[in-house]
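Engineer: Data file upload.csv (CSV, C-alpha atoms (C1' of nucleotides)) is appended below.
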```csv
chain,number,residue,atom,x,y,z
A,696,MET,CA,37.7,70.4,104.5
A,697,ARG,CA,37.6,66.8,105.6
A,698,ASP,CA,35.0,64.8,103.6
A,699,GLY,CA,36.0,61.3,104.9
A,700,GLY,CA,38.8,59.4,103.3
A,701,TYR,CA,42.5,59.8,102.7
A,702,THR,CA,44.0,62.6,100.7
A,703,ILE,CA,46.2,61.6,97.8
A,704,ARG,CA,49.3,62.4,99.7
A,705,THR,CA,48.3,60.3,102.6
A,706,MET,CA,47.4,57.5,100.4
A,707,ALA,CA,50.6,57.7,98.5
A,708,ALA,CA,52.5,57.5,101.7
A,709,ARG,CA,50.4,54.6,103.0
A,710,CYS,CA,51.0,52.4,100.0
A,711,GLY,CA,54.5,53.5,99.1
A,712,MET,CA,53.8,55.3,95.8
A,713,THR,CA,53.9,58.9,94.7
A,714,THR,CA,50.9,61.1,94.1
A,715,HIS,CA,51.9,61.1,90.5
A,716,THR,CA,51.7,57.4,90.3
A,717,LEU,CA,48.3,57.3,91.9
A,718,ARG,CA,46.9,59.8,89.4
A,719,TYR,CA,48.6,57.9,86.6
A,720,TYR,CA,47.0,54.6,87.7
A,721,GLU,CA,43.7,56.2,87.8
A,722,ARG,CA,44.2,57.7,84.3
A,723,VAL,CA,45.1,54.4,82.8
A,724,GLY,CA,42.2,52.6,84.4
A,725,LEU,CA,44.0,50.6,87.1
A,726,ILE,CA,41.7,52.1,89.6
A,727,GLN,CA,38.2,53.3,89.1
A,728,PRO,CA,37.6,57.1,89.4
A,729,VAL,CA,38.1,57.7,93.0
A,730,GLY,CA,35.8,59.7,95.3
A,731,ARG,CA,36.1,63.4,95.6
A,732,ALA,CA,35.8,66.0,98.3
A,733,ARG,CA,33.5,69.0,97.7
A,734,ASN,CA,36.5,70.9,96.4
A,735,GLY,CA,37.3,68.3,93.8
A,736,HIS,CA,40.2,66.8,95.7
A,737,ARG,CA,40.5,63.0,95.6
A,738,ARG,CA,39.5,61.0,98.7
A,739,TYR,CA,40.7,57.4,99.0
A,740,SER,CA,38.8,54.7,100.9
A,741,ASP,CA,40.1,51.7,102.7
A,742,ALA,CA,38.9,49.6,99.8
A,743,ASP,CA,41.0,51.7,97.5
A,744,GLU,CA,44.0,51.2,99.7
A,745,ALA,CA,43.6,47.4,99.6
A,746,TRP,CA,43.4,47.4,95.9
A,747,LEU,CA,46.3,49.7,95.5
A,748,ASN,CA,48.4,47.5,97.8
A,749,PHE,CA,47.5,44.6,95.6
A,750,LEU,CA,48.6,46.5,92.5
A,751,HIS,CA,51.8,47.5,94.2
A,752,CYS,CA,52.5,43.9,95.1
A,753,MET,CA,51.9,42.9,91.5
A,754,ARG,CA,54.1,45.7,90.1
A,755,ASP,CA,56.8,44.8,92.5
A,756,THR,CA,56.9,41.4,90.9
A,757,ASN,CA,57.0,42.8,87.4
A,758,MET,CA,53.5,42.3,86.3
A,759,PRO,CA,53.1,44.6,83.3
A,760,ILE,CA,50.6,47.4,83.5
A,761,ARG,CA,48.8,46.0,80.6
A,762,GLU,CA,48.0,42.8,82.4
A,763,MET,CA,47.0,44.7,85.5
A,764,GLN,CA,44.6,46.7,83.3
A,765,ARG,CA,43.1,43.5,82.0
A,766,TYR,CA,42.6,42.2,85.5
A,767,ALA,CA,41.2,45.5,86.7
A,768,ALA,CA,38.8,45.7,83.9
A,769,LEU,CA,37.4,42.3,84.7
A,770,ARG,CA,37.1,43.2,88.3
A,771,GLU,CA,35.1,46.3,87.4
A,772,ASP,CA,32.7,44.2,85.4
A,773,GLY,CA,32.0,42.5,88.7
A,774,ASP,CA,33.1,39.3,87.1
A,775,ASP,CA,34.1,37.7,90.4
A,776,SER,CA,34.2,34.2,89.1
A,777,SER,CA,35.9,35.1,85.8
A,778,LEU,CA,38.0,32.3,84.3
A,779,ASP,CA,40.0,35.0,82.6
A,780,GLY,CA,40.7,36.7,85.8
A,781,ARG,CA,41.8,33.5,87.4
A,782,LYS,CA,44.0,32.8,84.3
A,783,ILE,CA,45.7,36.1,84.6
A,784,LEU,CA,46.6,35.4,88.2
A,785,GLU,CA,47.8,31.9,87.4
A,786,ASP,CA,49.9,33.1,84.6
A,787,HIS,CA,51.5,35.7,86.8
A,788,ARG,CA,52.1,33.2,89.5
A,789,ALA,CA,54.0,31.1,87.0
A,790,THR,CA,56.2,34.0,85.9
A,791,ILE,CA,56.8,34.7,89.6
A,792,ALA,CA,58.0,31.1,90.0
A,793,ALA,CA,60.3,31.5,87.1
A,794,GLN,CA,61.7,34.7,88.4
A,795,ILE,CA,62.4,33.0,91.8
A,796,VAL,CA,64.3,30.3,90.0
A,797,ALA,CA,66.4,32.8,88.1
A,798,LEU,CA,67.1,34.9,91.2
A,799,GLU,CA,68.1,31.8,93.2
A,800,LYS,CA,70.5,30.8,90.5
A,801,ALA,CA,72.0,34.2,90.5
A,802,HIS,CA,72.1,34.3,94.2
A,803,ALA,CA,74.1,31.1,94.3
A,804,LEU,CA,76.4,32.3,91.6
A,805,LEU,CA,77.1,35.5,93.6
A,806,ASN,CA,77.7,33.6,96.8
A,807,HIS,CA,80.3,31.7,94.9
A,808,LYS,CA,82.0,34.7,93.4
A,809,ILE,CA,81.9,36.6,96.6
A,810,GLU,CA,83.5,33.7,98.4
A,811,ASN,CA,86.3,33.9,95.9
A,812,TYR,CA,86.8,37.5,96.7
A,813,ARG,CA,87.0,36.6,100.3
A,814,LYS,CA,89.6,34.0,99.7
A,815,ILE,CA,91.7,36.3,97.7
A,816,GLU,CA,91.5,39.0,100.3
A,817,GLU,CA,92.5,36.6,103.0
A,818,ARG,CA,95.5,35.5,101.0
A,819,ILE,CA,96.5,39.1,100.9
A,820,ARG,CA,95.9,40.0,104.5
A,821,VAL,CA,97.7,36.9,105.8
A,822,PRO,CA,100.1,35.8,103.1
A,823,ARG,CA,100.9,32.1,103.5
A,824,PRO,CA,103.2,30.5,101.1
A,825,MET,CA,102.9,27.2,103.1
A,826,ARG,CA,99.7,25.2,102.4
A,827,GLU,CA,99.1,23.7,105.8
A,828,ALA,CA,99.4,26.9,107.9
A,829,ALA,CA,95.8,28.1,107.4
A,830,GLU,CA,94.2,24.9,108.7
A,831,GLY,CA,93.8,25.3,112.5
A,832,ARG,CA,95.5,28.1,114.4
A,833,THR,CA,94.8,31.3,112.4
A,834,LEU,CA,92.5,33.2,114.8
A,835,ALA,CA,95.0,32.8,117.7
A,836,THR,CA,97.5,35.1,116.0
A,837,ALA,CA,95.0,37.9,115.2
A,838,GLY,CA,96.0,40.3,118.0
B,944,MET,CA,86.5,32.1,56.4
B,945,ARG,CA,86.8,30.5,59.7
B,946,ASP,CA,89.4,32.2,62.0
B,947,GLY,CA,88.6,30.3,65.2
B,948,GLY,CA,85.8,31.4,67.5
B,949,TYR,CA,82.0,31.8,67.3
B,950,THR,CA,80.3,34.1,64.9
B,951,ILE,CA,78.0,36.7,66.4
B,952,ARG,CA,74.9,34.7,65.4
B,953,THR,CA,76.2,31.6,67.0
B,954,MET,CA,77.2,33.4,70.1
B,955,ALA,CA,73.8,35.1,70.3
B,956,ALA,CA,72.1,31.7,70.1
B,957,ARG,CA,74.4,30.2,72.6
B,958,CYS,CA,73.7,32.7,75.3
B,959,GLY,CA,70.1,33.6,74.5
B,960,MET,CA,70.6,37.1,73.3
B,961,THR,CA,70.2,38.8,69.9
B,962,THR,CA,73.1,39.9,67.8
B,963,HIS,CA,71.9,43.5,68.3
B,964,THR,CA,72.3,43.0,72.0
B,965,LEU,CA,75.8,41.6,71.7
B,966,ARG,CA,76.9,44.6,69.6
B,967,TYR,CA,75.1,46.9,72.0
B,968,TYR,CA,76.9,45.4,75.0
B,969,GLU,CA,80.2,45.8,73.3
B,970,ARG,CA,79.4,49.4,72.4
B,971,VAL,CA,78.6,50.4,76.0
B,972,GLY,CA,81.6,48.6,77.4
B,973,LEU,CA,80.0,45.6,79.0
B,974,ILE,CA,82.4,43.4,77.0
B,975,GLN,CA,85.8,44.4,75.7
B,976,PRO,CA,86.3,44.8,72.0
B,977,VAL,CA,86.0,41.3,70.8
B,978,GLY,CA,88.3,39.5,68.4
B,979,ARG,CA,87.8,39.8,64.6
B,980,ALA,CA,88.2,37.5,61.7
B,981,ARG,CA,90.3,38.8,58.8
B,982,ASN,CA,87.2,40.2,57.1
B,983,GLY,CA,86.4,42.3,60.2
B,984,HIS,CA,83.6,40.1,61.5
B,985,ARG,CA,83.5,39.4,65.2
B,986,ARG,CA,84.7,36.1,66.6
B,987,TYR,CA,83.8,35.2,70.1
B,988,SER,CA,85.9,33.0,72.4
B,989,ASP,CA,84.8,30.7,75.2
B,990,ALA,CA,85.9,33.2,77.7
B,991,ASP,CA,83.6,35.8,76.0
B,992,GLU,CA,80.8,33.2,76.3
B,993,ALA,CA,81.4,32.7,80.1
B,994,TRP,CA,81.4,36.5,80.7
B,995,LEU,CA,78.3,37.0,78.5
B,996,ASN,CA,76.5,34.2,80.5
B,997,PHE,CA,77.4,36.0,83.7
B,998,LEU,CA,76.0,39.3,82.3
B,999,HIS,CA,72.9,37.6,81.2
B,1000,CYS,CA,72.4,36.1,84.6
B,1001,MET,CA,72.8,39.5,86.2
B,1002,ARG,CA,70.4,41.2,83.8
B,1003,ASP,CA,67.9,38.5,84.4
B,1004,THR,CA,67.9,39.5,88.0
B,1005,ASN,CA,67.5,43.2,87.2
B,1006,MET,CA,71.0,44.4,87.7
B,1007,PRO,CA,71.1,47.8,85.9
B,1008,ILE,CA,73.4,48.2,82.9
B,1009,ARG,CA,75.2,51.0,84.8
B,1010,GLU,CA,76.2,48.6,87.6
B,1011,MET,CA,77.3,46.0,85.2
B,1012,GLN,CA,79.4,48.7,83.5
B,1013,ARG,CA,81.0,49.6,86.7
B,1014,TYR,CA,81.8,46.0,87.4
B,1015,ALA,CA,83.1,45.3,83.9
B,1016,ALA,CA,85.4,48.3,84.1
B,1017,LEU,CA,87.0,47.0,87.3
B,1018,ARG,CA,87.4,43.7,85.8
B,1019,GLU,CA,89.1,45.2,82.8
B,1020,ASP,CA,91.5,47.0,85.1
B,1021,GLY,CA,92.6,43.5,86.2
B,1022,ASP,CA,91.5,44.5,89.7
B,1023,ASP,CA,90.8,41.0,90.8
B,1024,SER,CA,90.8,41.7,94.5
B,1025,SER,CA,88.9,44.9,94.2
B,1026,LEU,CA,86.8,45.8,97.2
B,1027,ASP,CA,84.6,47.8,94.9
B,1028,GLY,CA,84.0,44.8,92.7
B,1029,ARG,CA,83.1,42.8,95.7
B,1030,LYS,CA,80.8,45.5,97.0
B,1031,ILE,CA,78.9,45.6,93.7
B,1032,LEU,CA,78.3,41.9,93.8
B,1033,GLU,CA,77.3,42.0,97.5
B,1034,ASP,CA,74.9,44.9,96.8
B,1035,HIS,CA,73.3,43.0,94.0
B,1036,ARG,CA,73.1,39.9,96.1
B,1037,ALA,CA,71.2,41.9,98.6
B,1038,THR,CA,68.7,43.3,96.1
B,1039,ILE,CA,68.2,39.8,94.8
B,1040,ALA,CA,67.4,38.6,98.3
B,1041,ALA,CA,64.9,41.5,98.6
B,1042,GLN,CA,63.3,40.6,95.2
B,1043,ILE,CA,62.9,37.0,96.3
B,1044,VAL,CA,61.1,38.2,99.4
B,1045,ALA,CA,58.8,40.3,97.4
B,1046,LEU,CA,58.2,37.5,94.9
B,1047,GLU,CA,57.4,35.0,97.6
B,1048,LYS,CA,55.0,37.3,99.2
B,1049,ALA,CA,53.2,37.9,95.9
B,1050,HIS,CA,53.3,34.2,95.3
B,1051,ALA,CA,51.5,33.5,98.6
B,1052,LEU,CA,49.0,36.2,97.9
B,1053,LEU,CA,48.2,34.8,94.5
B,1054,ASN,CA,47.9,31.3,95.9
B,1055,HIS,CA,45.3,32.7,98.2
B,1056,LYS,CA,43.4,34.6,95.6
B,1057,ILE,CA,43.4,31.7,93.1
B,1058,GLU,CA,42.2,29.4,95.8
B,1059,ASN,CA,39.2,31.8,96.3
B,1060,TYR,CA,38.5,31.5,92.6
B,1061,ARG,CA,38.6,27.8,92.9
B,1062,LYS,CA,36.1,27.8,95.7
B,1063,ILE,CA,33.7,30.1,93.9
B,1064,GLU,CA,33.9,28.0,90.8
B,1065,GLU,CA,33.1,24.9,92.9
B,1066,ARG,CA,30.2,26.5,94.5
B,1067,ILE,CA,28.9,27.2,91.0
B,1068,ARG,CA,29.5,23.7,89.6
B,1069,VAL,CA,27.9,22.1,92.7
B,1070,PRO,CA,25.5,24.5,94.2
B,1071,ARG,CA,24.7,23.6,97.9
B,1072,PRO,CA,22.3,25.8,99.7
B,1073,MET,CA,22.6,23.6,102.8
B,1074,ARG,CA,25.6,24.4,105.0
B,1075,GLU,CA,26.3,20.9,106.4
B,1076,ALA,CA,26.2,19.2,103.0
B,1077,ALA,CA,29.8,20.0,102.1
B,1078,GLU,CA,31.3,18.5,105.3
B,1079,GLY,CA,31.7,14.8,104.9
B,1080,ARG,CA,29.8,13.0,102.1
B,1081,THR,CA,30.5,15.1,99.1
B,1082,LEU,CA,32.7,12.8,97.1
B,1083,ALA,CA,30.3,9.9,97.6
B,1084,THR,CA,27.7,11.6,95.5
B,1085,ALA,CA,30.0,12.5,92.6
B,1086,GLY,CA,28.9,9.8,90.2
C,1291,DC,C1',79.5,40.4,36.6
C,1292,DC,C1',75.7,40.2,39.5
C,1293,DT,C1',73.3,38.5,43.3
C,1294,DT,C1',72.8,36.7,47.8
C,1295,DG,C1',73.7,36.7,52.5
C,1296,DA,C1',76.0,37.6,56.6
C,1297,DC,C1',78.3,40.9,58.6
C,1298,DT,C1',79.8,46.1,59.6
C,1299,DT,C1',78.7,51.1,61.3
C,1300,DG,C1',76.3,55.2,63.5
C,1301,DA,C1',72.2,57.1,64.5
C,1302,DA,C1',67.4,57.2,65.2
C,1303,DG,C1',63.3,55.0,67.2
C,1304,DC,C1',60.4,52.5,70.5
C,1305,DG,C1',57.7,50.6,74.6
C,1306,DC,C1',57.4,50.9,79.3
C,1307,DG,C1',56.4,53.1,83.6
C,1308,DC,C1',56.5,56.7,85.4
C,1309,DT,C1',57.7,61.9,86.3
C,1310,DC,C1',57.6,66.6,85.8
C,1311,DA,C1',56.1,71.2,84.2
C,1312,DA,C1',52.7,74.8,83.6
C,1313,DG,C1',48.9,77.1,84.9
C,1314,DG,C1',45.1,77.4,88.0
C,1315,DG,C1',41.9,77.1,92.2
C,1316,DA,C1',40.5,76.5,97.0
C,1317,DG,C1',41.4,76.9,102.0
C,1318,DT,C1',44.1,78.8,106.0
C,1319,DA,C1',47.2,81.8,108.7
C,1320,DG,C1',49.1,86.3,109.5
D,1320,DC,C1',45.1,91.7,101.4
D,1321,DT,C1',49.1,88.5,100.8
D,1322,DA,C1',51.4,84.2,101.2
D,1323,DC,C1',51.5,79.5,101.7
D,1324,DT,C1',50.2,74.8,101.0
D,1325,DC,C1',47.8,71.4,99.0
D,1326,DC,C1',45.4,70.0,95.3
D,1327,DC,C1',43.6,70.0,90.3
D,1328,DT,C1',44.4,69.0,84.8
D,1329,DT,C1',46.6,68.4,80.5
D,1330,DG,C1',50.4,67.3,78.1
D,1331,DA,C1',55.0,66.8,77.5
D,1332,DG,C1',59.5,64.6,78.9
D,1333,DC,C1',62.6,61.1,80.6
D,1334,DG,C1',65.7,57.0,81.6
D,1335,DC,C1',66.2,52.4,80.5
D,1336,DG,C1',67.4,48.7,77.5
D,1337,DC,C1',67.2,47.4,73.7
D,1338,DT,C1',65.7,47.4,68.5
D,1339,DT,C1',65.5,49.0,64.0
D,1340,DC,C1',67.0,51.6,60.1
D,1341,DA,C1',70.0,53.1,56.5
D,1342,DA,C1',73.9,52.5,54.0
D,1343,DG,C1',78.0,50.1,53.2
D,1344,DT,C1',81.7,46.1,53.0
D,1345,DC,C1',83.2,41.5,52.0
D,1346,DA,C1',83.2,36.6,50.1
D,1347,DA,C1',81.1,32.9,47.8
D,1348,DG,C1',78.1,31.0,44.1
D,1349,DG,C1',75.9,30.9,39.6
```
Rewrite the structure from the file as structure tokens, please.

Structural biologist:
Amino acid sequence: MRDGGYTIRTMAARCGMTTHTLRYYERVGLIQPVGRARNGHRRYSDADEAWLNFLHCMRDTNMPIREMQRYAALREDGDDSSLDGRKILEDHRATIAAQIVALEKAHALLNHKIENYRKIEERIRVPRPMREAAEGRTLATAG
Amino acid sequence: MRDGGYTIRTMAARCGMTTHTLRYYERVGLIQPVGRARNGHRRYSDADEAWLNFLHCMRDTNMPIREMQRYAALREDGDDSSLDGRKILEDHRATIAAQIVALEKAHALLNHKIENYRKIEERIRVPRPMREAAEGRTLATAG
DNA sequence: CCTTGACTTGAAGCGCGCTCAAGGGAGTAG
DNA sequence: CTACTCCCTTGAGCGCGCTTCAAGTCAAGG
């Protein structure tokens, strides 16, 4: 039984979710009731895929389900020029920017800490009581 | 009763957590049992603050409590040159890098979508059935 | 003495985002 | 026919990271 469109498994694979998640998203209104084959099985369209990819991208960046529901509801009302919809996206963009800042701060901090590990390790591998020894001709003695 | 060190309230304020969270972190071993005043109340040191700030930074970047526990345990063993400790940090640094990639992708996507909203809105504010009208002399007619 | 307020403890509760279990049906191969 | 695979639905369960509750202790102030 074909009835054009992707099965739930296929769709799950294509957009990196589980079938459970796809049904869940439909249940909570993140996607409109999806088309069905004659046997009642779901059949996803390319439009569904695009929307799911968008949802995935938003979830990946920690947009709460509630917000996504609000946005999805507006979209379903065909409210294409909605100020509310725009505001939701702008707000999320702002939280993304904040997240990036936090992540970059942490990244720098970790670079620093890891560099310390490296230095300690080096001091253990090549113990050098003398200060000046490590300056120039370290690699030459590796073999 | 003073007994040098910060109270739990003060410490919570200083590092942007709640007192509940501080006790919780202590309970689950993220921080070693903290010093006490004579009346049994906790007293936090500057070293505690530094460590808590580090934990906060890691949590802000979605490091799981479990991982932080592993790292804290190594630290408590005084294992300052631990390969495991280094690996934990390097792994987290990698997930941070991945998160940044996802966030930047989403950010770009949102820029694009929001720009579309802007265009739609403009078309509503200044309806222009003629195609060529928007090309050159739009601003001139603003007043 | 009594109240107030900041602290203590252990245990229970909660919101989020899935995730899984149970029970059933339809289509296909052997 | 049986067996297998894939799907369906409803409803419960789970892991995480706190958060709140209940009950108690201690010290200072009126």

Engineer: Could I get the residues of chain A with an atom no further than 12 Å from an atom of chain B, each paired with its nearest atom pair and that distance in Å to one decimal, using only C-alpha atoms, sorted by chain and residue number, as a Markdown table?

Structural biologist:
```
| residue | atom | partner | partner_atom | distance |
| --- | --- | --- | --- | --- |
| A:Asn748 | CA | B:Ala1049 | CA | 10.9 |
| A:Phe749 | CA | B:Ala1049 | CA | 8.8 |
| A:Leu750 | CA | B:Ala1049 | CA | 10.3 |
| A:His751 | CA | B:Ala1049 | CA | 9.8 |
| A:Cys752 | CA | B:Ala1049 | CA | 6.1 |
| A:Met753 | CA | B:Ala1049 | CA | 6.8 |
| A:Arg754 | CA | B:Ala1049 | CA | 9.8 |
| A:Asp755 | CA | B:Ala1045 | CA | 6.9 |
| A:Thr756 | CA | B:Leu1046 | CA | 5.7 |
| A:Asn757 | CA | B:Leu1046 | CA | 9.3 |
| A:Met758 | CA | B:Ala1049 | CA | 10.6 |
| A:Asp774 | CA | B:Tyr1060 | CA | 11.0 |
| A:Asp775 | CA | B:Tyr1060 | CA | 7.9 |
| A:Ser776 | CA | B:Tyr1060 | CA | 6.2 |
| A:Ser777 | CA | B:Tyr1060 | CA | 8.1 |
| A:Leu778 | CA | B:Tyr1060 | CA | 8.4 |
| A:Asp779 | CA | B:Tyr1060 | CA | 10.7 |
| A:Gly780 | CA | B:Tyr1060 | CA | 8.8 |
| A:Arg781 | CA | B:Ile1057 | CA | 6.2 |
| A:Lys782 | CA | B:Ile1057 | CA | 8.9 |
| A:Ile783 | CA | B:Ile1057 | CA | 9.8 |
| A:Leu784 | CA | B:Leu1053 | CA | 6.5 |
| A:Glu785 | CA | B:Ile1057 | CA | 7.2 |
| A:Asp786 | CA | B:Leu1053 | CA | 10.2 |
| A:His787 | CA | B:Leu1053 | CA | 8.4 |
| A:Arg788 | CA | B:His1050 | CA | 6.0 |
| A:Ala789 | CA | B:His1050 | CA | 8.9 |
| A:Thr790 | CA | B:His1050 | CA | 9.8 |
| A:Ile791 | CA | B:Leu1046 | CA | 6.2 |
| A:Ala792 | CA | B:His1050 | CA | 7.7 |
| A:Ala793 | CA | B:Leu1046 | CA | 10.1 |
| A:Gln794 | CA | B:Thr1004 | CA | 7.9 |
| A:Ile795 | CA | B:Ile1043 | CA | 6.0 |
| A:Val796 | CA | B:Ile1043 | CA | 9.3 |
| A:Ala797 | CA | B:Thr1004 | CA | 6.9 |
| A:Leu798 | CA | B:Thr1004 | CA | 5.7 |
| A:Glu799 | CA | B:Ile1043 | CA | 8.0 |
| A:Lys800 | CA | B:Cys1000 | CA | 8.2 |
| A:Ala801 | CA | B:Cys1000 | CA | 6.2 |
| A:His802 | CA | B:Arg1036 | CA | 6.0 |
| A:Ala803 | CA | B:Arg1036 | CA | 9.0 |
| A:Leu804 | CA | B:Phe997 | CA | 8.8 |
| A:Leu805 | CA | B:Arg1036 | CA | 6.5 |
| A:Asn806 | CA | B:Arg1036 | CA | 7.8 |
| A:His807 | CA | B:Leu1032 | CA | 10.5 |
| A:Lys808 | CA | B:Leu1032 | CA | 8.1 |
| A:Ile809 | CA | B:Arg1029 | CA | 6.4 |
| A:Glu810 | CA | B:Arg1029 | CA | 9.5 |
| A:Asn811 | CA | B:Ser1024 | CA | 9.1 |
| A:Tyr812 | CA | B:Ser1024 | CA | 6.2 |
| A:Arg813 | CA | B:Ser1024 | CA | 8.6 |
| A:Lys814 | CA | B:Ser1024 | CA | 9.4 |
| A:Ile815 | CA | B:Ser1024 | CA | 6.3 |
| A:Glu816 | CA | B:Ser1024 | CA | 6.4 |
| A:Glu817 | CA | B:Ser1024 | CA | 10.1 |
| A:Arg818 | CA | B:Ser1024 | CA | 10.1 |
| A:Ile819 | CA | B:Ser1024 | CA | 9.0 |
| A:Arg820 | CA | B:Ser1024 | CA | 11.4 |
```

Engineer: When you draw a straight line from atom CA of Arg957 of chain B to atom CA of Arg986 of chain B, how long is it in Å?

Structural biologist: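 Distance reported for this atom pair: 13.3 Å.
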
Engineer: One decimal, in Å: what's the spacing between atom C1' of DC1327 of chain D and atom CA of Leu769 of chain A?

Structural biologist: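 Here the two named atoms are 28.9 Å from each other.
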
Engineer: For a test of reading the model, state the distance in Å between atom CA of Gly1021 of chain B and atom CA of Pro1007 of chain B, rounded to one decimal.

Structural biologist: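 Separation between atom CA of Gly1021 of chain B and atom CA of Pro1007 of chain B: 21.9 Å.
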
Engineer: Do you have, as a Markdown table, the list of residues of chain B lying at most 9 Å from chain D, each with its nearest atom pair and that distance in Å to one decimal, counting only C-alpha atoms (C1' of nucleotides) and ordered by chain then number?

Structural biologist:
```
| residue | atom | partner | partner_atom | distance |
| --- | --- | --- | --- | --- |
| B:Met944 | CA | D:DA1346 | C1' | 8.4 |
| B:His963 | CA | D:DT1338 | C1' | 7.3 |
| B:Thr964 | CA | D:DC1337 | C1' | 6.9 |
| B:Tyr967 | CA | D:DC1337 | C1' | 8.1 |
| B:Asn982 | CA | D:DC1345 | C1' | 6.6 |
| B:Gly983 | CA | D:DC1345 | C1' | 8.8 |
| B:Pro1007 | CA | D:DC1335 | C1' | 8.6 |
| B:Ile1008 | CA | D:DG1336 | C1' | 8.1 |
```

Engineer: May I have the residues of chain B within 9 Å of chain C, counting only C-alpha atoms (C1' of nucleotides), written as a list in words?

Structural biologist: Ile951, Gly983, His984 and Arg985 of chain B

Engineer: Just the residues within 10 Å of Ser740 of chain A, please, counting only C-alpha atoms (C1' of nucleotides), with nothing from its chain fewer than 4 positions along; format it as a count of residues only.

Structural biologist: 10

Engineer: Assuming 4 Å of padding per side, give the centre and edge lengths of the axis-aligned box around every listed atom of segment 1303-1316 of chain C, in Å to one decimal and as JSON.

Structural biologist:
```
{"center_x": 51.9, "center_y": 64.0, "center_z": 82.1, "size_x": 30.8, "size_y": 34.8, "size_z": 37.8}
```
